[in-house]
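> The structure's right below; bear with me while I get my questions together.
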Amino acid sequence: MNTGHSIPRPALSRGIFALLLLPLVATCDRPYDGPPVTGHDSAGVRIVEAHVPVWTDSTAWRLDPEPVLDLHALGPADAYTFFRIRGMRRLGDGTLAVANSGTGEIRLFSELGDHIASVGGQGEGPGEFGRLEGIELVGDSIFALDSDGDIAVFGPAPDPTHVRTMSLHYVKVRSLHSLDDGTLVVPTITSEPPPAAPGIVRTPHALLRLDLDGALVDSIGTAAGGEEYTDNVSFSGTPLFPRESIVDSRNGRIYYGSADLMEVRELGPDGELLRVLRIPDYPLELSEELVEAERHERLGSVPPMLRQAIQSLPAPATRPAYRDMLVDPTGAIWLRPFEGITEGGTPLDWQVIDADGTWLGGVTVPTNVRIWDIGVDEVLGSWIDELGQQHPLVFRLRRGGVGAGG
């Protein structure tokens with residue numbers, strides 16, 4: 001169905017992101033004329049490097065420009081009013097689950113958008129949330145993360161009930177990822193001492209593997225975590241163009257990236273590094289003008305007492321490679337390029353690396369749409385309109401072709 005709802009989209013993309021559609025230039029300033037993908041083994045790990053995108057006009061994947069479903073547009077009822085969406089998932093029977101943190105509810109809708117049920121709610125009772133942070137599917141069950149570390153389990157649809165709650169107060173869980181084998185991998189925040197000198201520090205995230213009752217199965221490694229700037233005296237905060245590590249899972253594999261480079265590491269369920277997939281020449285340089293524009297924007301939104309601290313933030317030479325990563329059911333890795341706060345407001349091309357490591361190209365996502373999940377033929381996302389209303393959306397995904405192997 002087409003709701004008739006239109007998402008505003010400027011006609012032109014920014015020049016900096018238009019560059020991503022062109023073949024990259026090697027360091028010697030000559031167009032790359034080698035094979036699109038090369039690989040080698042290092043210490044038993046396969047390193048796959050993709051040098052140029054391979055999609056053509058006929059093989060590129062595309063999102064239809066208008067959503068096939070906009071839940072907010074279907075009715076004025078409370079069930080169709082959303083605030084602080086924290087996740088969307090498509091269940092095996094076609095039911096669409098939306099995590100609405102503003103009310104602490106997980107709302108379930110049919111494929112046509114009919115409201116089926118709502119579970120959860122704000123509170124401290126069984127199956128309720130202080131602040132709903134996200135959802136994950138494990139078979140037909142919904143696992144929902146609360147800000148206090150509890151994980152509430154609901155299942156199965158279409159009439160889910162609260163089954164149990166797992167309390168993980170001993171760690172700060174950032175997100176939930178199913179490994180399809182009766183276990184979860186969860187990135188958790190660890191404690192690190194402050195740096196010896198003022199500067200940028202990254203607090204590592206421990207990767208833990210849990211069973212479906214919340215018991216620790218194994219500690220399988222660490223992720224780099226997020227960047228924070230501190231002067232070791234009175235100020236700590238987000239630096240300019242901050243890096244944040246990202247974790248996702250699919251088909252029994254864990255995918256991790258630090259965003260320092262356009263690179264993703266594929267791990268087995270025990271944390272063993274299996275492959276490294278990278279785009280070695282992806283352009284990440286930052287101009288002085290863009291860095292100072294970012295600083296100026298930050299200065300306009302802080303109280304006077306913090307202005308000196310913002311002025312003192314170091315100027316990075318490169319931007320983070322990406323700020324989000326999702327792996328679709330085919331094993332293709334979707335990476336959302338990092339945008340500074342002065343760079344938003346236009347469509348954005350998510351870069352896609354196929355399961356074999358081929359850099360396919362970019363899929364254009366409408367302006368200001370947050371993607372929550374990617375299926376074989378659809379993308380689930382949300383958008384905030386000019387009145388501040390949130391719209392859970394379903395876009396049709398058209399896969400025009402495959403990678404370099406045809």
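Letters A, B, ... go to the chains of the structure tokens in the order shown; residues in each chain start at 1; ligands are counted from 1 in the same order.
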Assign secondary structure with DSSP using the backbone only, and return the residues of region 160-347 of chain A in helix (DSSP H, G or I) as a list in words.

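Of region 160-347 of chain A, the ones in helix (DSSP H, G or I) are Glu288, Glu289, Leu290, Val291, Glu292, Ala293, Glu294, Arg295, His296, Glu297, Arg298, Leu299, Pro304, Met305, Leu306, Arg307, Gln308, Ala309, Ile310 and Gln311 of chain A.
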
> Take the residues that were just selected and, keeping C-alpha atoms, output them as a tab-separated table (two decimals), in the first residue's frame.


```tsv
chain	number	residue	atom	x	y	z
A	288	GLU	CA	39.91	22.70	8.41
A	289	GLU	CA	36.81	24.61	7.28
A	290	LEU	CA	34.49	21.70	8.06
A	291	VAL	CA	36.08	21.09	11.47
A	292	GLU	CA	35.72	24.75	12.42
A	293	ALA	CA	32.13	24.84	11.16
A	294	GLU	CA	31.43	21.91	13.46
A	295	ARG	CA	33.09	23.68	16.38
A	296	HIS	CA	31.11	26.87	15.68
A	297	GLU	CA	27.86	24.88	15.68
A	298	ARG	CA	28.75	23.33	19.03
A	299	LEU	CA	29.60	26.74	20.50
A	304	PRO	CA	29.14	30.34	28.34
A	305	MET	CA	30.99	28.39	31.03
A	306	LEU	CA	31.68	25.58	28.54
A	307	ARG	CA	32.72	27.70	25.57
A	308	GLN	CA	36.41	27.57	26.42
A	309	ALA	CA	36.25	23.78	26.68
A	310	ILE	CA	34.68	23.54	23.21
A	311	GLN	CA	37.32	25.90	21.85
```

> Could you give me, as JSON, numbers by chain, the residues within 8 Å of Tyr229 (chain A), counting only C-alpha atoms and dropping anything in the same chain fewer than 3 positions from it?

{"A": [198, 199, 200, 201, 236, 237, 238, 239, 313]}

> Using only C-alpha atoms, which of the listed residues (A:Asp385, A:Asp159, A:Glu227, A:Glu266) sits closest to Asp356 (chain A)?

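Selected residue with least distance to Asp356 (chain A): A:Glu266.
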
> Which parts of region 125-370 of chain A does DSSP call strand (DSSP E) when run on the backbone here, written out as a count of residues only?

110

> Which is closer to Gln390 (chain A) than all the others in A:Arg62, A:His40, A:His177, A:Arg84, using only C-alpha atoms?

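Going through A:Arg62, A:His40, A:His177, A:Arg84 one by one, the smallest distance to Gln390 (chain A) is for A:Arg84.
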
> Residues near Ala60 (chain A), anyone? I mean within 9 Å using only C-alpha atoms, not counting same-chain ones fewer than 6 positions away, as a list in words.

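Surrounding residues, per the criterion: Val54, Leu360, Gly361, Gly362, Val363, Arg398, Arg399, Gly400, Gly401 and Val402 of chain A.
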
> Go ahead and save the residues from that selection, with C-alpha atoms, as a CSV table (one decimal), in the first residue's frame.


```csv
chain,number,residue,atom,x,y,z
A,54,VAL,CA,30.9,-2.5,-8.6
A,360,LEU,CA,28.7,-3.0,-4.0
A,361,GLY,CA,28.0,0.7,-3.8
A,362,GLY,CA,25.6,3.1,-2.0
A,363,VAL,CA,21.9,2.8,-1.3
A,398,ARG,CA,14.7,-3.5,-4.8
A,399,ARG,CA,17.9,-5.6,-5.2
A,400,GLY,CA,18.9,-5.0,-8.8
A,401,GLY,CA,21.8,-7.4,-9.0
A,402,VAL,CA,24.7,-9.1,-7.1
```

> What is the CA of Asp150 (chain A) to CA of Gly271 (chain A) distance in Å?

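Result for CA of Asp150 (chain A) versus CA of Gly271 (chain A): 23.9 Å, one decimal.
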
> Report as JSON lines the residues of region 173-263 of chain A within 12 Å of region 365-373 of chain A, each with its shortest atom pair and distance in Å (one decimal), using only C-alpha atoms, ordered by chain and increasing residue number.


```
{"residue": "A:Asp248", "atom": "CA", "partner": "A:Asp373", "partner_atom": "CA", "distance": 10.9}
{"residue": "A:Ser249", "atom": "CA", "partner": "A:Asp373", "partner_atom": "CA", "distance": 11.8}
{"residue": "A:Arg250", "atom": "CA", "partner": "A:Asp373", "partner_atom": "CA", "distance": 11.6}
```

> Report as a tab-separated table: every residue of region 73-169 of chain A with an atom at most 12 Å from region 210-218 of chain A, its closest pair of atoms, and their distance in Å to one decimal, counting only C-alpha atoms, with rows sorted by chain and ascending residue number.


```
residue	atom	partner	partner_atom	distance
A:Leu137	CA	A:Leu212	CA	11.7
A:Val138	CA	A:Leu212	CA	9.0
A:Gly139	CA	A:Leu212	CA	11.4
A:Ser141	CA	A:Leu212	CA	10.7
A:Ile142	CA	A:Leu212	CA	11.4
A:Phe143	CA	A:Leu212	CA	9.3
A:Leu145	CA	A:Gly214	CA	11.9
A:Gly149	CA	A:Gly214	CA	10.6
A:Asp150	CA	A:Gly214	CA	9.4
A:Ile151	CA	A:Gly214	CA	8.2
A:Ala152	CA	A:Asp213	CA	10.3
A:Val153	CA	A:Leu212	CA	9.2
A:Val163	CA	A:Asp213	CA	10.9
A:Arg164	CA	A:Asp213	CA	8.6
A:Thr165	CA	A:Asp213	CA	8.4
A:Met166	CA	A:Gly214	CA	5.5
A:Ser167	CA	A:Gly214	CA	7.3
A:Leu168	CA	A:Gly214	CA	7.2
A:His169	CA	A:Gly214	CA	10.9
```
